[in-house]
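Below: input.cif (mmCIF, C-alpha atoms (C1' of nucleotides))
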```cif
data_run
loop_
_atom_site.label_atom_id
_atom_site.label_comp_id
_atom_site.auth_asym_id
_atom_site.auth_seq_id
_atom_site.Cartn_x
_atom_site.Cartn_y
_atom_site.Cartn_z
CA MET X 7 -0.51 -186.01 -139.67
CA ASP X 8 -1.66 -186.86 -143.19
CA HIS X 9 0.29 -186.35 -146.39
CA GLN X 10 -1.13 -182.96 -147.23
CA GLU X 11 -0.47 -181.61 -143.79
CA CYS X 12 3.01 -183.04 -143.79
CA HIS X 13 3.77 -181.36 -147.08
CA GLN X 14 2.72 -177.95 -145.79
CA HIS X 15 4.86 -178.54 -142.75
CA LEU X 16 7.85 -179.42 -144.92
CA ASN X 17 7.41 -176.33 -147.06
CA ALA X 18 7.29 -174.06 -144.06
CA ILE X 19 10.47 -175.59 -142.65
CA GLU X 20 12.27 -175.30 -145.95
CA ASP X 21 11.24 -171.67 -146.25
CA ALA X 22 12.61 -170.97 -142.81
CA VAL X 23 15.88 -172.72 -143.46
CA TYR X 24 16.23 -170.93 -146.76
CA VAL X 25 15.71 -167.52 -145.22
CA ILE X 26 18.35 -167.85 -142.51
CA GLY X 27 20.52 -170.46 -144.22
CA GLY X 28 23.67 -169.96 -146.22
CA LYS X 29 27.07 -168.87 -145.12
CA TRP X 30 26.47 -165.21 -144.39
CA LYS X 31 22.92 -164.23 -143.40
CA LEU X 32 23.22 -164.99 -139.73
CA ARG X 33 26.67 -163.46 -139.45
CA ILE X 34 25.41 -160.25 -140.99
CA ILE X 35 22.46 -160.12 -138.63
CA LEU X 36 24.76 -160.75 -135.70
CA SER X 37 27.09 -157.96 -136.80
CA LEU X 38 24.20 -155.51 -136.62
CA GLN X 39 23.02 -156.66 -133.22
CA GLN X 40 24.72 -153.91 -131.24
CA GLN X 41 24.40 -150.98 -133.62
CA ALA X 42 23.67 -149.90 -137.16
CA LEU X 43 26.66 -150.18 -139.48
CA ARG X 44 27.72 -148.91 -142.88
CA PHE X 45 28.38 -151.18 -145.84
CA ASN X 46 32.12 -151.36 -145.42
CA GLU X 47 31.85 -151.72 -141.70
CA ILE X 48 29.68 -154.78 -142.12
CA GLN X 49 32.13 -156.17 -144.61
CA ARG X 50 35.01 -155.76 -142.17
CA GLU X 51 33.01 -157.03 -139.22
CA VAL X 52 31.80 -160.17 -140.96
CA GLY X 53 35.16 -160.87 -142.54
CA GLY X 54 35.84 -162.73 -145.77
CA ILE X 55 32.73 -161.65 -147.64
CA SER X 56 33.05 -159.95 -151.03
CA ALA X 57 31.20 -156.75 -151.87
CA LYS X 58 29.06 -158.46 -154.46
CA VAL X 59 27.86 -161.15 -152.12
CA LEU X 60 27.32 -158.74 -149.25
CA SER X 61 25.27 -156.55 -151.53
CA ASN X 62 23.05 -159.46 -152.52
CA GLU X 63 22.70 -160.72 -148.98
CA LEU X 64 21.66 -157.30 -147.73
CA LYS X 65 19.00 -157.12 -150.43
CA ASP X 66 17.65 -160.49 -149.37
CA LEU X 67 17.65 -159.51 -145.72
CA GLU X 68 15.85 -156.30 -146.56
CA GLU X 69 13.21 -158.09 -148.64
CA ASN X 70 12.64 -160.43 -145.74
CA GLY X 71 12.14 -157.51 -143.39
CA PHE X 72 15.12 -158.14 -141.12
CA VAL X 73 17.17 -155.15 -142.15
CA LYS X 74 16.39 -151.53 -142.92
CA ARG X 75 18.56 -149.59 -145.38
CA ARG X 76 18.86 -145.93 -144.50
CA GLU X 77 20.42 -143.54 -146.99
CA TYR X 78 21.87 -140.17 -146.04
CA PRO X 79 22.48 -137.78 -148.96
CA GLY X 80 25.78 -135.95 -149.37
CA PHE X 81 29.15 -136.70 -150.78
CA PRO X 82 30.43 -139.23 -150.36
CA MET X 83 27.15 -141.01 -149.94
CA LYS X 84 26.44 -142.49 -146.53
CA VAL X 85 24.30 -145.55 -146.01
CA VAL X 86 23.64 -147.43 -142.83
CA TYR X 87 21.94 -150.74 -142.28
CA GLU X 88 20.08 -151.52 -139.09
CA LEU X 89 18.05 -154.40 -137.75
CA THR X 90 14.29 -154.05 -137.71
CA ASP X 91 12.07 -154.94 -134.78
CA TYR X 92 10.82 -157.85 -136.84
CA SER X 93 14.27 -159.40 -136.80
CA ASN X 94 13.63 -160.23 -133.16
CA SER X 95 11.05 -162.76 -134.25
CA LEU X 96 14.00 -164.97 -135.13
CA LYS X 97 15.10 -165.19 -131.54
CA SER X 98 13.18 -168.24 -130.41
CA VAL X 99 14.06 -170.17 -133.56
CA MET X 100 17.69 -169.33 -133.12
CA ILE X 101 17.73 -170.37 -129.50
CA GLU X 102 16.09 -173.66 -130.35
CA LEU X 103 18.58 -174.26 -133.17
CA SER X 104 21.51 -173.31 -131.02
CA GLN X 105 20.52 -175.67 -128.23
CA TRP X 106 19.91 -178.52 -130.56
CA GLY X 107 23.14 -177.85 -132.44
CA ARG X 108 25.13 -177.86 -129.24
CA SER X 109 23.63 -181.07 -127.92
CA HIS X 110 24.00 -182.69 -131.31
CA LYS X 111 27.68 -181.92 -131.32
CA GLU X 112 27.97 -183.65 -127.95
CA PHE X 113 26.05 -186.61 -129.32
CA ILE X 114 28.39 -186.92 -132.29
CA LYS X 115 31.45 -186.62 -130.12
CA ARG X 116 30.28 -189.40 -127.82
CA ASN X 117 29.50 -191.63 -130.79
CA HIS X 118 32.84 -191.08 -132.42
CA GLN X 119 34.69 -191.96 -129.25
CA ALA X 120 32.66 -195.13 -128.80
CA MET O 28 26.13 -161.93 -124.40
CA ASP O 29 29.79 -161.18 -125.07
CA HIS O 30 31.64 -161.84 -128.29
CA GLN O 31 32.98 -165.24 -127.30
CA GLU O 32 29.60 -166.48 -126.21
CA CYS O 33 27.98 -165.09 -129.31
CA HIS O 34 30.46 -166.90 -131.49
CA GLN O 35 29.75 -170.26 -129.82
CA HIS O 36 26.08 -169.60 -130.30
CA LEU O 37 26.59 -168.84 -133.98
CA ASN O 38 28.60 -172.00 -134.49
CA ALA O 39 25.97 -174.16 -132.89
CA ILE O 40 23.27 -172.65 -135.08
CA GLU O 41 25.30 -173.09 -138.21
CA ASP O 42 25.98 -176.70 -137.32
CA ALA O 43 22.30 -177.31 -136.86
CA VAL O 44 21.33 -175.64 -140.11
CA TYR O 45 24.04 -177.53 -141.91
CA VAL O 46 22.83 -180.87 -140.61
CA ILE O 47 19.22 -180.50 -141.66
CA GLY O 48 19.73 -178.01 -144.49
CA GLY O 49 20.02 -178.67 -148.17
CA LYS O 50 17.44 -179.76 -150.64
CA TRP O 51 16.98 -183.38 -149.61
CA LYS O 52 17.77 -184.24 -145.99
CA LEU O 53 14.41 -183.36 -144.55
CA ARG O 54 12.54 -184.98 -147.42
CA ILE O 55 14.42 -188.20 -146.92
CA ILE O 56 13.71 -188.19 -143.21
CA LEU O 57 10.06 -187.51 -143.89
CA SER O 58 9.88 -190.39 -146.36
CA LEU O 59 11.05 -192.77 -143.66
CA GLN O 60 8.62 -191.50 -141.06
CA GLN O 61 6.03 -194.23 -141.56
CA GLN O 62 8.24 -197.22 -142.30
CA ALA O 63 11.70 -198.38 -143.26
CA LEU O 64 12.36 -198.24 -146.99
CA ARG O 65 14.84 -199.62 -149.48
CA PHE O 66 17.16 -197.46 -151.51
CA ASN O 67 15.03 -197.36 -154.63
CA GLU O 68 11.87 -196.88 -152.65
CA ILE O 69 13.32 -193.79 -151.03
CA GLN O 70 14.40 -192.54 -154.42
CA ARG O 71 10.89 -192.92 -155.81
CA GLU O 72 9.25 -191.52 -152.69
CA VAL O 73 11.40 -188.40 -152.57
CA GLY O 74 11.26 -187.84 -156.30
CA GLY O 75 13.81 -186.11 -158.48
CA ILE O 76 16.91 -187.18 -156.57
CA SER O 77 19.73 -189.01 -158.35
CA ALA O 78 21.29 -192.18 -156.99
CA LYS O 79 24.62 -190.49 -156.34
CA VAL O 80 23.12 -187.71 -154.31
CA LEU O 81 20.81 -190.00 -152.41
CA SER O 82 23.75 -192.21 -151.58
CA ASN O 83 25.69 -189.28 -150.19
CA GLU O 84 22.75 -187.92 -148.27
CA LEU O 85 22.08 -191.28 -146.66
CA LYS O 86 25.70 -191.48 -145.54
CA ASP O 87 25.45 -188.04 -143.99
CA LEU O 88 22.21 -188.94 -142.25
CA GLU O 89 23.76 -192.14 -140.96
CA GLU O 90 26.85 -190.35 -139.65
CA ASN O 91 24.61 -187.92 -137.88
CA GLY O 92 22.72 -190.74 -136.24
CA PHE O 93 19.33 -190.10 -137.83
CA VAL O 94 19.22 -193.16 -140.04
CA LYS O 95 20.21 -196.78 -139.58
CA ARG O 96 21.34 -198.82 -142.58
CA ARG O 97 20.36 -202.47 -142.32
CA GLU O 98 21.79 -204.92 -144.80
CA TYR O 99 20.26 -208.33 -145.54
CA PRO O 100 22.58 -210.74 -147.34
CA GLY O 101 21.43 -212.67 -150.41
CA PHE O 102 21.22 -212.04 -154.08
CA PRO O 103 20.24 -209.51 -155.10
CA MET O 104 21.33 -207.66 -151.98
CA LYS O 105 18.60 -206.12 -149.88
CA VAL O 106 19.15 -203.00 -147.85
CA VAL O 107 16.68 -201.02 -145.83
CA TYR O 108 17.03 -197.67 -144.14
CA GLU O 109 15.10 -196.75 -141.05
CA LEU O 110 14.92 -193.80 -138.70
CA THR O 111 16.64 -194.06 -135.35
CA ASP O 112 15.14 -193.02 -132.06
CA TYR O 113 17.58 -190.16 -132.03
CA SER O 114 15.94 -188.67 -135.09
CA ASN O 115 13.06 -187.71 -132.82
CA SER O 116 15.29 -185.16 -131.15
CA LEU O 117 14.72 -183.05 -134.24
CA LYS O 118 11.04 -182.74 -133.52
CA SER O 119 11.03 -179.60 -131.40
CA VAL O 120 13.42 -177.81 -133.73
CA MET O 121 11.31 -178.70 -136.71
CA ILE O 122 8.11 -177.54 -135.05
CA GLU O 123 9.72 -174.24 -134.15
CA LEU O 124 11.04 -173.80 -137.67
CA SER O 125 7.74 -174.73 -139.22
CA GLN O 126 5.80 -172.27 -137.10
CA TRP O 127 8.21 -169.47 -137.78
CA GLY O 128 8.32 -170.28 -141.49
CA ARG O 129 4.56 -170.21 -141.73
CA SER O 130 4.19 -166.92 -139.91
CA HIS O 131 7.02 -165.41 -141.90
CA LYS O 132 5.26 -166.28 -145.13
CA GLU O 133 2.21 -164.44 -143.84
CA PHE O 134 4.38 -161.48 -142.91
CA ILE O 135 5.90 -161.33 -146.38
CA LYS O 136 2.53 -161.62 -148.05
CA ARG O 137 1.11 -158.72 -146.03
CA ASN O 138 4.14 -156.58 -146.81
CA HIS O 139 3.98 -157.24 -150.52
CA GLN O 140 0.34 -156.30 -150.67
CA ALA O 141 0.96 -153.11 -148.75
"C1'" DC S 20 19.04 -204.36 -156.34
"C1'" DC S 21 22.55 -201.26 -154.45
"C1'" DG S 22 25.49 -197.78 -155.26
"C1'" DC S 23 30.09 -196.20 -157.00
"C1'" DA S 24 32.94 -194.16 -161.08
"C1'" DT S 25 33.10 -191.17 -164.66
"C1'" DC S 26 32.03 -187.32 -167.31
"C1'" DC S 27 29.84 -182.98 -167.76
"C1'" DA S 28 26.95 -178.63 -167.20
"C1'" DC S 29 25.76 -175.13 -164.36
"C1'" DC S 30 26.13 -171.48 -161.17
"C1'" DA S 31 27.23 -169.41 -156.53
"C1'" DG S 32 30.62 -166.87 -155.18
"C1'" DG S 33 35.74 -164.78 -155.17
"C1'" DA S 34 39.04 -161.21 -157.22
"C1'" DT S 35 39.59 -157.21 -159.43
"C1'" DA S 36 38.55 -153.00 -161.53
"C1'" DC S 37 35.50 -149.51 -162.20
"C1'" DT S 38 31.47 -145.77 -161.69
"C1'" DG S 39 28.15 -142.49 -159.23
"C1'" DC Y 24 31.84 -144.64 -149.71
"C1'" DA Y 25 28.51 -147.73 -151.85
"C1'" DG Y 26 27.92 -150.70 -154.97
"C1'" DT Y 27 28.15 -152.83 -160.01
"C1'" DA Y 28 30.51 -155.18 -164.04
"C1'" DT Y 29 33.37 -158.57 -165.60
"C1'" DC Y 30 35.85 -162.49 -165.52
"C1'" DC Y 31 37.00 -166.91 -163.63
"C1'" DT Y 32 37.19 -171.00 -160.70
"C1'" DG Y 33 35.60 -174.82 -157.72
"C1'" DG Y 34 32.21 -177.51 -156.19
"C1'" DT Y 35 27.50 -179.45 -156.45
"C1'" DG Y 36 24.60 -182.25 -158.63
"C1'" DG Y 37 22.55 -184.65 -163.03
"C1'" DA Y 38 23.20 -188.62 -166.49
"C1'" DT Y 39 24.99 -192.74 -167.71
"C1'" DG Y 40 27.31 -197.04 -167.36
"C1'" DC Y 41 29.41 -200.64 -164.74
"C1'" DG Y 42 30.61 -203.94 -160.73
"C1'" DG Y 43 29.35 -206.43 -156.34
#
```

How does the structure come out when it is put into structure tokens?
Amino acid sequence: MDHQECHQHLNAIEDAVYVIGGKWKLRIILSLQQQALRFNEIQREVGGISAKVLSNELKDLEENGFVKRREYPGFPMKVVYELTDYSNSLKSVMIELSQWGRSHKEFIKRNHQA
Amino acid sequence: MDHQECHQHLNAIEDAVYVIGGKWKLRIILSLQQQALRFNEIQREVGGISAKVLSNELKDLEENGFVKRREYPGFPMKVVYELTDYSNSLKSVMIELSQWGRSHKEFIKRNHQA
DNA sequence: CCGCATCCACCAGGATACTG
DNA sequence: CAGTATCCTGGTGGATGCGG
């Protein structure tokens, strides 16, 4: 792997980490796993997130194609957010990360005891 | 996958992202791929990182078992950092992330054109 | 050379209050 | 209900200077 190639590789990884990183993105996605939810429902489900931040996060997730915002007219306004099919493309990455994270925790624990 | 299980899963993922996330960790690891380097060499190689931050990052990487700090006495002091064997355990995660990141970039590009 | 201590600027994100 | 506006705080990270 030469320098150029390595740099591309790095960029792609950093993109990926950026997209799913941060404190909230994954939690929001998880909260929508079972069913579509409304803004306040997500806020309650995730817990501890302010409206401003949730609003921004949802915009990001929508831009990245993970979430679909669906607006129903009327008063009061009703809006639901649901996961897109594309959000499933995250599955293999998440499994890989989860496995590594779990085994890493074991590794650290062993090392700290030793 | 019930709630409990899901929560464990989430934690493991967040641990993993935390460990390799941030602006510098991966770049530092990459810089040590070919050979062990001294503090200032890493700083130059990575580019744009301050001594304080590099110092902290190296401590994190050492605690997580990715990097080994090797100190040679004398004056001036000589210190080199090298990757551990354990750092290879990141490989499959990084490949997965890189592939997903690359394909996601394509996905976004197509969607923006459309 | 290595790397910590100090000081400082910036900004992500929380709390609250408010509008459509 | 869905979000925005405003204000404010804490923490991250840059710059510089010093000590081992």

Output of the PyMOL selection byres ((chain S) within 8 of (chain O)), listed as a VMD selection string = chain S and resid 20 to 23

Chain Y residues near chain O (9 Å cut-off, only C-alpha atoms (C1' of nucleotides)) as a PyMOL selection string | chain Y and resi 36-38

With C-alpha atoms (C1' of nucleotides) retained, could you export that selection as a PDB file, in the coordinates of the input?
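selection-v9.pdb, freshly written:
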```
ATOM      1  C1'  DG Y  36      24.600-182.250-158.630  1.00  0.00           C
ATOM      2  C1'  DG Y  37      22.550-184.650-163.030  1.00  0.00           C
ATOM      3  C1'  DA Y  38      23.200-188.620-166.490  1.00  0.00           C
TER       4       DA Y  38
END
```

For this structure, which residues satisfy the selection - the PyMOL selection byres ((chain O) within 10 of (chain X)) - when it is evaluated on the file as given? I want them as a CSV table (one decimal) with C-alpha atoms, in the frame of the given file.
```
chain,number,residue,atom,x,y,z
O,33,CYS,CA,28.0,-165.1,-129.3
O,34,HIS,CA,30.5,-166.9,-131.5
O,35,GLN,CA,29.8,-170.3,-129.8
O,36,HIS,CA,26.1,-169.6,-130.3
O,37,LEU,CA,26.6,-168.8,-134.0
O,38,ASN,CA,28.6,-172.0,-134.5
O,39,ALA,CA,26.0,-174.2,-132.9
O,40,ILE,CA,23.3,-172.6,-135.1
O,41,GLU,CA,25.3,-173.1,-138.2
O,42,ASP,CA,26.0,-176.7,-137.3
O,43,ALA,CA,22.3,-177.3,-136.9
O,44,VAL,CA,21.3,-175.6,-140.1
O,45,TYR,CA,24.0,-177.5,-141.9
O,46,VAL,CA,22.8,-180.9,-140.6
O,47,ILE,CA,19.2,-180.5,-141.7
O,48,GLY,CA,19.7,-178.0,-144.5
O,49,GLY,CA,20.0,-178.7,-148.2
O,50,LYS,CA,17.4,-179.8,-150.6
O,53,LEU,CA,14.4,-183.4,-144.6
O,54,ARG,CA,12.5,-185.0,-147.4
O,57,LEU,CA,10.1,-187.5,-143.9
O,90,GLU,CA,26.8,-190.4,-139.6
O,91,ASN,CA,24.6,-187.9,-137.9
O,92,GLY,CA,22.7,-190.7,-136.2
O,113,TYR,CA,17.6,-190.2,-132.0
O,116,SER,CA,15.3,-185.2,-131.2
O,117,LEU,CA,14.7,-183.0,-134.2
O,119,SER,CA,11.0,-179.6,-131.4
O,120,VAL,CA,13.4,-177.8,-133.7
O,121,MET,CA,11.3,-178.7,-136.7
O,122,ILE,CA,8.1,-177.5,-135.0
O,123,GLU,CA,9.7,-174.2,-134.2
O,124,LEU,CA,11.0,-173.8,-137.7
O,125,SER,CA,7.7,-174.7,-139.2
O,126,GLN,CA,5.8,-172.3,-137.1
O,127,TRP,CA,8.2,-169.5,-137.8
O,128,GLY,CA,8.3,-170.3,-141.5
O,129,ARG,CA,4.6,-170.2,-141.7
O,130,SER,CA,4.2,-166.9,-139.9
O,131,HIS,CA,7.0,-165.4,-141.9
O,132,LYS,CA,5.3,-166.3,-145.1
O,134,PHE,CA,4.4,-161.5,-142.9
O,135,ILE,CA,5.9,-161.3,-146.4
O,138,ASN,CA,4.1,-156.6,-146.8
O,139,HIS,CA,4.0,-157.2,-150.5
```

d(CA of Asp66 (chain X), CA of Lys31 (chain X)) in Å |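 Atom-to-atom, CA of Asp66 (chain X) and CA of Lys31 (chain X) are spaced 8.8 Å apart.
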
Name the residues that the PyMOL selection byres ((chain Y and resi 39) around 9) pulls out of this structure, and write them as a VMD selection string.
-> (chain S and resid 25 to 26) or (chain Y and resid 38 40)

What does the distance between CA of Ile34 (chain X) and CA of Val86 (chain X) come to in Å, to one decimal place?
->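 CA of Val86 (chain X) lies at a distance of 13.1 Å from CA of Ile34 (chain X).
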
Here CA of Glu72 (chain O) and CA of Ser58 (chain O) stand apart by 6.5 Å

With all atoms of region 43-61 of chain X from the file as input, state the centre and edge lengths in Å to one decimal of the axis-aligned box that has 8 Å extra on each side, as JSON.
```
{"center_x": 30.6, "center_y": -155.8, "center_z": -146.8, "size_x": 26.6, "size_y": 29.8, "size_z": 31.2}
```
